[in-house]
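Colleague: Sharing run_15.txt (compact mmCIF, N, CA, C and O atoms) below.
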```txt
# COMPACT_ATOMS: atom_id res chain seq x y z
N MET A 1 -5.21 21.86 39.22
CA MET A 1 -6.11 21.19 38.30
C MET A 1 -5.70 19.72 38.19
O MET A 1 -4.55 19.40 37.98
N GLU A 2 -6.68 18.84 38.27
CA GLU A 2 -6.44 17.41 38.23
C GLU A 2 -6.25 16.94 36.79
O GLU A 2 -6.95 17.37 35.88
N THR A 3 -5.28 16.03 36.57
CA THR A 3 -5.04 15.47 35.25
C THR A 3 -6.05 14.37 34.97
O THR A 3 -6.31 13.54 35.83
N PRO A 4 -6.64 14.34 33.75
CA PRO A 4 -7.60 13.28 33.43
C PRO A 4 -6.92 11.90 33.44
O PRO A 4 -5.72 11.81 33.21
N ASN A 5 -7.71 10.89 33.74
CA ASN A 5 -7.18 9.53 33.72
C ASN A 5 -6.70 9.17 32.33
O ASN A 5 -7.34 9.49 31.34
N LYS A 6 -5.58 8.50 32.27
CA LYS A 6 -5.02 8.05 30.99
C LYS A 6 -5.47 6.61 30.75
O LYS A 6 -5.64 5.83 31.67
N ILE A 7 -5.65 6.28 29.49
CA ILE A 7 -6.00 4.93 29.07
C ILE A 7 -4.88 4.45 28.15
O ILE A 7 -4.48 5.17 27.25
N ILE A 8 -4.37 3.25 28.39
CA ILE A 8 -3.37 2.66 27.52
C ILE A 8 -4.10 1.73 26.57
O ILE A 8 -4.76 0.79 26.99
N LEU A 9 -3.97 2.00 25.27
CA LEU A 9 -4.65 1.20 24.26
C LEU A 9 -3.88 -0.07 23.94
O LEU A 9 -2.73 -0.24 24.34
N PHE A 10 -4.50 -0.96 23.19
CA PHE A 10 -3.94 -2.24 22.78
C PHE A 10 -2.59 -2.09 22.10
O PHE A 10 -1.75 -2.98 22.16
N ASP A 11 -2.36 -0.95 21.44
CA ASP A 11 -1.11 -0.75 20.70
C ASP A 11 -0.10 0.09 21.47
O ASP A 11 0.91 0.52 20.92
N GLY A 12 -0.38 0.34 22.76
CA GLY A 12 0.54 1.08 23.60
C GLY A 12 0.31 2.59 23.64
O GLY A 12 0.94 3.29 24.42
N ARG A 13 -0.58 3.10 22.79
CA ARG A 13 -0.86 4.54 22.81
C ARG A 13 -1.53 4.91 24.12
O ARG A 13 -2.38 4.19 24.62
N GLU A 14 -1.15 6.07 24.64
CA GLU A 14 -1.76 6.60 25.85
C GLU A 14 -2.72 7.71 25.44
O GLU A 14 -2.33 8.64 24.74
N VAL A 15 -3.97 7.60 25.85
CA VAL A 15 -4.97 8.60 25.50
C VAL A 15 -5.71 9.05 26.75
O VAL A 15 -5.73 8.35 27.76
N SER A 16 -6.30 10.22 26.64
CA SER A 16 -7.12 10.75 27.72
C SER A 16 -8.58 10.73 27.30
O SER A 16 -8.89 10.73 26.10
N HIS A 17 -9.46 10.76 28.27
CA HIS A 17 -10.88 10.83 28.00
C HIS A 17 -11.15 12.04 27.11
O HIS A 17 -10.69 13.14 27.39
N GLY A 18 -11.85 11.85 26.00
CA GLY A 18 -12.19 12.94 25.10
C GLY A 18 -11.25 13.09 23.91
O GLY A 18 -11.55 13.85 23.00
N ASP A 19 -10.11 12.39 23.91
CA ASP A 19 -9.21 12.45 22.75
C ASP A 19 -9.86 11.80 21.54
O ASP A 19 -10.56 10.79 21.67
N THR A 20 -9.61 12.35 20.37
CA THR A 20 -10.05 11.72 19.13
C THR A 20 -8.88 10.93 18.57
O THR A 20 -7.78 11.47 18.39
N ILE A 21 -9.11 9.64 18.34
CA ILE A 21 -8.07 8.75 17.83
C ILE A 21 -8.66 7.87 16.74
O ILE A 21 -9.87 7.72 16.64
N LYS A 22 -7.80 7.29 15.92
CA LYS A 22 -8.26 6.31 14.93
C LYS A 22 -8.07 4.92 15.51
O LYS A 22 -7.02 4.60 16.06
N LEU A 23 -9.13 4.11 15.39
CA LEU A 23 -9.09 2.72 15.86
C LEU A 23 -9.40 1.80 14.70
O LEU A 23 -10.17 2.16 13.80
N PRO A 24 -8.84 0.58 14.72
CA PRO A 24 -9.21 -0.41 13.70
C PRO A 24 -10.70 -0.71 13.79
O PRO A 24 -11.22 -1.00 14.86
N ILE A 25 -11.37 -0.64 12.66
CA ILE A 25 -12.82 -0.82 12.64
C ILE A 25 -13.23 -2.22 13.10
O ILE A 25 -14.31 -2.40 13.66
N ASP A 26 -12.34 -3.20 12.94
CA ASP A 26 -12.70 -4.56 13.36
C ASP A 26 -12.60 -4.77 14.88
O ASP A 26 -12.99 -5.82 15.38
N LEU A 27 -12.10 -3.77 15.62
CA LEU A 27 -12.09 -3.85 17.09
C LEU A 27 -13.31 -3.16 17.70
O LEU A 27 -13.46 -3.14 18.92
N ILE A 28 -14.15 -2.59 16.85
CA ILE A 28 -15.31 -1.86 17.32
C ILE A 28 -16.55 -2.73 17.13
O ILE A 28 -16.74 -3.32 16.06
N VAL A 29 -17.34 -2.82 18.19
CA VAL A 29 -18.54 -3.66 18.14
C VAL A 29 -19.78 -2.84 18.46
O VAL A 29 -19.72 -1.88 19.23
N PRO A 30 -20.92 -3.20 17.86
CA PRO A 30 -22.16 -2.48 18.14
C PRO A 30 -22.61 -2.68 19.58
O PRO A 30 -22.30 -3.69 20.20
N ASN A 31 -23.32 -1.72 20.07
CA ASN A 31 -23.93 -1.80 21.40
C ASN A 31 -25.23 -2.60 21.25
O ASN A 31 -26.12 -2.19 20.52
N MET A 32 -25.33 -3.70 21.94
CA MET A 32 -26.50 -4.57 21.80
C MET A 32 -27.78 -3.92 22.34
O MET A 32 -28.87 -4.39 22.08
N TYR A 33 -27.63 -2.83 23.07
CA TYR A 33 -28.80 -2.15 23.65
C TYR A 33 -29.24 -0.94 22.83
O TYR A 33 -30.07 -0.18 23.28
N ASN A 34 -28.67 -0.77 21.64
CA ASN A 34 -29.01 0.39 20.81
C ASN A 34 -30.40 0.21 20.22
O ASN A 34 -30.62 -0.65 19.39
N PRO A 35 -31.36 1.05 20.62
CA PRO A 35 -32.72 0.92 20.11
C PRO A 35 -32.96 1.63 18.77
O PRO A 35 -34.01 1.49 18.17
N ASN A 36 -31.95 2.39 18.29
CA ASN A 36 -32.14 3.18 17.08
C ASN A 36 -32.18 2.31 15.83
O ASN A 36 -31.34 1.44 15.65
N GLU A 37 -33.13 2.59 14.99
CA GLU A 37 -33.22 1.94 13.69
C GLU A 37 -33.21 3.03 12.63
O GLU A 37 -33.65 4.15 12.88
N MET A 38 -32.71 2.69 11.45
CA MET A 38 -32.63 3.66 10.37
C MET A 38 -33.21 3.03 9.12
O MET A 38 -32.87 1.90 8.77
N SER A 39 -34.06 3.77 8.43
CA SER A 39 -34.65 3.27 7.19
C SER A 39 -33.57 3.19 6.12
O SER A 39 -32.51 3.83 6.22
N GLU A 40 -33.83 2.40 5.09
CA GLU A 40 -32.89 2.29 3.98
C GLU A 40 -32.68 3.65 3.32
O GLU A 40 -31.56 3.99 2.91
N GLU A 41 -33.75 4.43 3.22
CA GLU A 41 -33.67 5.77 2.62
C GLU A 41 -32.74 6.67 3.44
O GLU A 41 -31.88 7.37 2.89
N ALA A 42 -32.89 6.65 4.76
CA ALA A 42 -32.05 7.48 5.63
C ALA A 42 -30.60 7.01 5.57
O ALA A 42 -29.67 7.82 5.57
N PHE A 43 -30.39 5.69 5.51
CA PHE A 43 -29.03 5.16 5.44
C PHE A 43 -28.38 5.57 4.11
O PHE A 43 -27.19 5.93 4.08
N SER A 44 -29.14 5.54 3.03
CA SER A 44 -28.63 5.99 1.73
C SER A 44 -28.23 7.46 1.78
O SER A 44 -27.21 7.87 1.23
N PHE A 45 -29.04 8.27 2.46
CA PHE A 45 -28.72 9.68 2.63
C PHE A 45 -27.42 9.84 3.41
O PHE A 45 -26.56 10.66 3.07
N LEU A 46 -27.23 9.03 4.46
CA LEU A 46 -25.99 9.05 5.24
C LEU A 46 -24.81 8.71 4.34
O LEU A 46 -23.78 9.39 4.37
N GLU A 47 -24.94 7.66 3.52
CA GLU A 47 -23.86 7.27 2.62
C GLU A 47 -23.49 8.40 1.66
O GLU A 47 -22.31 8.71 1.48
N GLU A 48 -24.50 9.04 1.08
CA GLU A 48 -24.27 10.14 0.15
C GLU A 48 -23.60 11.32 0.87
O GLU A 48 -22.68 11.95 0.32
N ASN A 49 -24.05 11.60 2.07
CA ASN A 49 -23.49 12.70 2.84
C ASN A 49 -22.01 12.46 3.13
O ASN A 49 -21.19 13.36 2.98
N VAL A 50 -21.66 11.25 3.54
CA VAL A 50 -20.26 10.94 3.83
C VAL A 50 -19.42 11.03 2.56
O VAL A 50 -18.30 11.53 2.58
N GLU A 51 -19.97 10.59 1.44
CA GLU A 51 -19.24 10.69 0.17
C GLU A 51 -19.00 12.14 -0.22
O GLU A 51 -17.93 12.48 -0.72
N GLN A 52 -19.97 13.01 0.00
CA GLN A 52 -19.86 14.41 -0.40
C GLN A 52 -19.04 15.25 0.58
O GLN A 52 -18.23 16.07 0.17
N VAL A 53 -19.28 15.07 1.87
CA VAL A 53 -18.69 15.93 2.89
C VAL A 53 -17.49 15.27 3.57
O VAL A 53 -16.59 15.94 4.05
N GLY A 54 -17.48 13.96 3.62
CA GLY A 54 -16.45 13.23 4.35
C GLY A 54 -16.99 12.77 5.69
O GLY A 54 -18.10 13.09 6.08
N PHE A 55 -16.18 12.00 6.38
CA PHE A 55 -16.56 11.49 7.70
C PHE A 55 -16.18 12.55 8.73
O PHE A 55 -15.02 12.69 9.09
N VAL A 56 -17.16 13.33 9.20
CA VAL A 56 -16.91 14.52 10.01
C VAL A 56 -16.93 14.23 11.50
O VAL A 56 -16.03 14.67 12.23
N ASP A 57 -17.94 13.53 11.99
CA ASP A 57 -18.11 13.31 13.43
C ASP A 57 -17.57 11.95 13.84
O ASP A 57 -18.06 10.91 13.38
N PRO A 58 -16.56 11.93 14.73
CA PRO A 58 -16.07 10.63 15.20
C PRO A 58 -17.15 9.91 15.99
O PRO A 58 -18.05 10.54 16.54
N ILE A 59 -17.06 8.59 16.03
CA ILE A 59 -18.00 7.84 16.84
C ILE A 59 -17.49 7.82 18.28
O ILE A 59 -16.31 8.04 18.53
N VAL A 60 -18.39 7.58 19.21
CA VAL A 60 -18.03 7.54 20.64
C VAL A 60 -18.03 6.07 21.07
O VAL A 60 -19.01 5.35 20.83
N VAL A 61 -16.92 5.64 21.67
CA VAL A 61 -16.78 4.25 22.09
C VAL A 61 -16.26 4.18 23.52
O VAL A 61 -15.74 5.15 24.06
N THR A 62 -16.42 3.00 24.11
CA THR A 62 -15.83 2.72 25.41
C THR A 62 -15.18 1.34 25.34
O THR A 62 -15.71 0.44 24.68
N PRO A 63 -14.01 1.16 25.98
CA PRO A 63 -13.38 -0.16 25.95
C PRO A 63 -14.18 -1.18 26.74
O PRO A 63 -14.83 -0.84 27.72
N ASP A 64 -14.14 -2.43 26.28
CA ASP A 64 -14.79 -3.50 27.05
C ASP A 64 -13.73 -4.47 27.57
O ASP A 64 -12.54 -4.31 27.29
N SER A 65 -14.13 -5.46 28.30
CA SER A 65 -13.19 -6.39 28.93
C SER A 65 -12.58 -7.38 27.94
O SER A 65 -11.64 -8.08 28.28
N ASP A 66 -13.10 -7.45 26.72
CA ASP A 66 -12.57 -8.37 25.70
C ASP A 66 -11.52 -7.72 24.81
O ASP A 66 -11.05 -8.34 23.86
N GLY A 67 -11.19 -6.46 25.06
CA GLY A 67 -10.22 -5.76 24.22
C GLY A 67 -10.84 -5.07 23.02
O GLY A 67 -10.12 -4.55 22.17
N ASN A 68 -12.15 -5.08 22.96
CA ASN A 68 -12.87 -4.37 21.90
C ASN A 68 -13.33 -3.01 22.40
O ASN A 68 -13.12 -2.66 23.56
N PHE A 69 -14.00 -2.27 21.52
CA PHE A 69 -14.57 -0.98 21.88
C PHE A 69 -16.04 -1.00 21.50
O PHE A 69 -16.39 -1.28 20.35
N VAL A 70 -16.91 -0.74 22.46
CA VAL A 70 -18.36 -0.78 22.26
C VAL A 70 -18.83 0.62 21.86
O VAL A 70 -18.45 1.62 22.48
N ILE A 71 -19.67 0.68 20.85
CA ILE A 71 -20.18 1.95 20.35
C ILE A 71 -21.20 2.52 21.33
O ILE A 71 -22.17 1.86 21.70
N ILE A 72 -20.97 3.77 21.72
CA ILE A 72 -21.91 4.52 22.56
C ILE A 72 -22.79 5.39 21.67
O ILE A 72 -23.98 5.54 21.88
N ASP A 73 -22.16 6.01 20.65
CA ASP A 73 -22.88 6.86 19.71
C ASP A 73 -22.20 6.78 18.35
O ASP A 73 -20.97 6.84 18.28
N GLY A 74 -23.00 6.60 17.31
CA GLY A 74 -22.45 6.59 15.95
C GLY A 74 -22.51 5.23 15.26
O GLY A 74 -21.77 4.99 14.32
N GLN A 75 -23.41 4.36 15.70
CA GLN A 75 -23.45 3.01 15.13
C GLN A 75 -23.76 3.02 13.63
O GLN A 75 -23.18 2.25 12.89
N HIS A 76 -24.63 3.92 13.19
CA HIS A 76 -24.94 3.95 11.76
C HIS A 76 -23.76 4.46 10.94
O HIS A 76 -23.49 3.96 9.86
N ARG A 77 -23.03 5.44 11.48
CA ARG A 77 -21.83 5.93 10.80
C ARG A 77 -20.77 4.84 10.76
O ARG A 77 -20.08 4.66 9.76
N TRP A 78 -20.62 4.07 11.85
CA TRP A 78 -19.69 2.94 11.89
C TRP A 78 -20.08 1.91 10.82
O TRP A 78 -19.23 1.42 10.08
N GLU A 79 -21.37 1.59 10.75
CA GLU A 79 -21.85 0.60 9.77
C GLU A 79 -21.56 1.06 8.34
O GLU A 79 -21.12 0.28 7.51
N GLN A 80 -21.79 2.34 8.07
CA GLN A 80 -21.53 2.88 6.74
C GLN A 80 -20.05 2.75 6.40
O GLN A 80 -19.69 2.33 5.31
N GLN A 81 -19.17 3.08 7.34
CA GLN A 81 -17.74 2.99 7.10
C GLN A 81 -17.30 1.54 6.95
O GLN A 81 -16.50 1.21 6.08
N ARG A 82 -17.84 0.65 7.77
CA ARG A 82 -17.51 -0.78 7.68
C ARG A 82 -17.89 -1.33 6.32
O ARG A 82 -17.12 -2.04 5.68
N MET A 83 -19.09 -0.97 5.84
CA MET A 83 -19.56 -1.46 4.54
C MET A 83 -18.74 -0.87 3.39
O MET A 83 -18.64 -1.48 2.33
N SER A 84 -18.11 0.28 3.63
CA SER A 84 -17.29 0.93 2.60
C SER A 84 -15.88 0.37 2.55
O SER A 84 -15.10 0.76 1.70
N GLY A 85 -15.55 -0.50 3.49
CA GLY A 85 -14.22 -1.13 3.49
C GLY A 85 -13.16 -0.33 4.23
O GLY A 85 -11.97 -0.64 4.13
N VAL A 86 -13.56 0.66 5.00
CA VAL A 86 -12.62 1.46 5.77
C VAL A 86 -11.97 0.57 6.84
O VAL A 86 -12.62 -0.26 7.46
N LYS A 87 -10.67 0.74 7.05
CA LYS A 87 -9.94 -0.09 8.02
C LYS A 87 -9.83 0.57 9.39
O LYS A 87 -9.81 -0.11 10.42
N ASP A 88 -9.73 1.91 9.44
CA ASP A 88 -9.61 2.65 10.70
C ASP A 88 -10.67 3.73 10.71
O ASP A 88 -10.99 4.31 9.67
N ILE A 89 -11.17 4.05 11.90
CA ILE A 89 -12.25 5.03 12.02
C ILE A 89 -11.96 5.98 13.19
O ILE A 89 -11.50 5.54 14.24
N PRO A 90 -12.24 7.28 13.01
CA PRO A 90 -12.03 8.23 14.11
C PRO A 90 -13.03 7.97 15.25
O PRO A 90 -14.21 7.80 15.02
N CYS A 91 -12.49 7.94 16.47
CA CYS A 91 -13.31 7.65 17.66
C CYS A 91 -12.92 8.59 18.79
O CYS A 91 -11.79 9.05 18.88
N VAL A 92 -13.89 8.83 19.66
CA VAL A 92 -13.64 9.53 20.92
C VAL A 92 -13.88 8.52 22.02
O VAL A 92 -14.85 7.77 21.98
```
Turn the structure described in the file into structure tokens.

Modeller:
Amino acid sequence: METPNKIILFDGREVSHGDTIKLPIDLIVPNMYNPNEMSEEAFSFLEENVEQVGFVDPIVVTPDSDGNFVIIDGQHRWEQQRMSGVKDIPCV
């Protein structure tokens, strides 16, 4: 069985594709090609859900050449956490 490729993060951590890790929220950037929009009502529902249940699903990111991580999935959850003042966010 082949070992998955390892990625060395900015802080020296070694991770594999699919690992869930916490990353500083200020190193995560929105995907400029994301066509999804969310109404204020839906975003409020998301905020309430996170307050009641917690942040359950990590966002999916990929590293870019600038040392940041671009959001593949979870931009609205990232935005909710950023607006809440969270410093680190679970990512895959």

Colleague: Taking into account all atoms listed in the file, which residue in the set A:Asn36, A:Gln75, A:Ser84, A:Ser44 is nearest to Val60 in chain A?

Modeller: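 Answer, going by the shortest atom-to-atom distance: A:Gln75.
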
Colleague: Output as a tab-separated table one row per residue of range 11-82 of chain A within 6 Å of range 86-89 of chain A: the closest atom pair and its distance in Å to one decimal place, counting only N, CA, C and O atoms, sorted by chain and residue number ascending.

Modeller:
```
residue	atom	partner	partner_atom	distance
A:Ile21	O	A:Ile89	O	3.6
A:Lys22	CA	A:Ile89	O	3.4
A:Leu23	O	A:Ile89	N	2.9
A:Pro24	CA	A:Lys87	O	3.3
A:Ile25	N	A:Lys87	O	2.8
A:Asp26	N	A:Lys87	O	4.7
A:Gln81	O	A:Val86	N	3.2
A:Arg82	O	A:Val86	N	4.5
```

Colleague: May I have the residues within 6 Å of range 46-58 of chain A as a count of residues only, using all atoms listed in the file and disregarding those fewer than 6 positions away in the same chain?

Modeller: 5

Colleague: Using atom O of Glu79 in chain A and atom O of Ser65 in chain A as the two end points, give the distance in Å to one decimal.

Modeller: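 That distance, rounded to one decimal, is 24.3 Å.
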
Colleague: When DSSP is applied to the backbone of this structure, which of chain A are assigned alpha helix (DSSP H)? Write them out as a list in words.

Modeller: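 Result set for chain A (alpha helix (DSSP H)): Glu40, Glu41, Ala42, Phe43, Ser44, Phe45, Leu46, Glu47, Glu48, Asn49, Val50, Glu51, Gln52, Val53, Gln75, His76, Arg77, Trp78, Glu79, Gln80, Gln81, Arg82 and Met83 of chain A.
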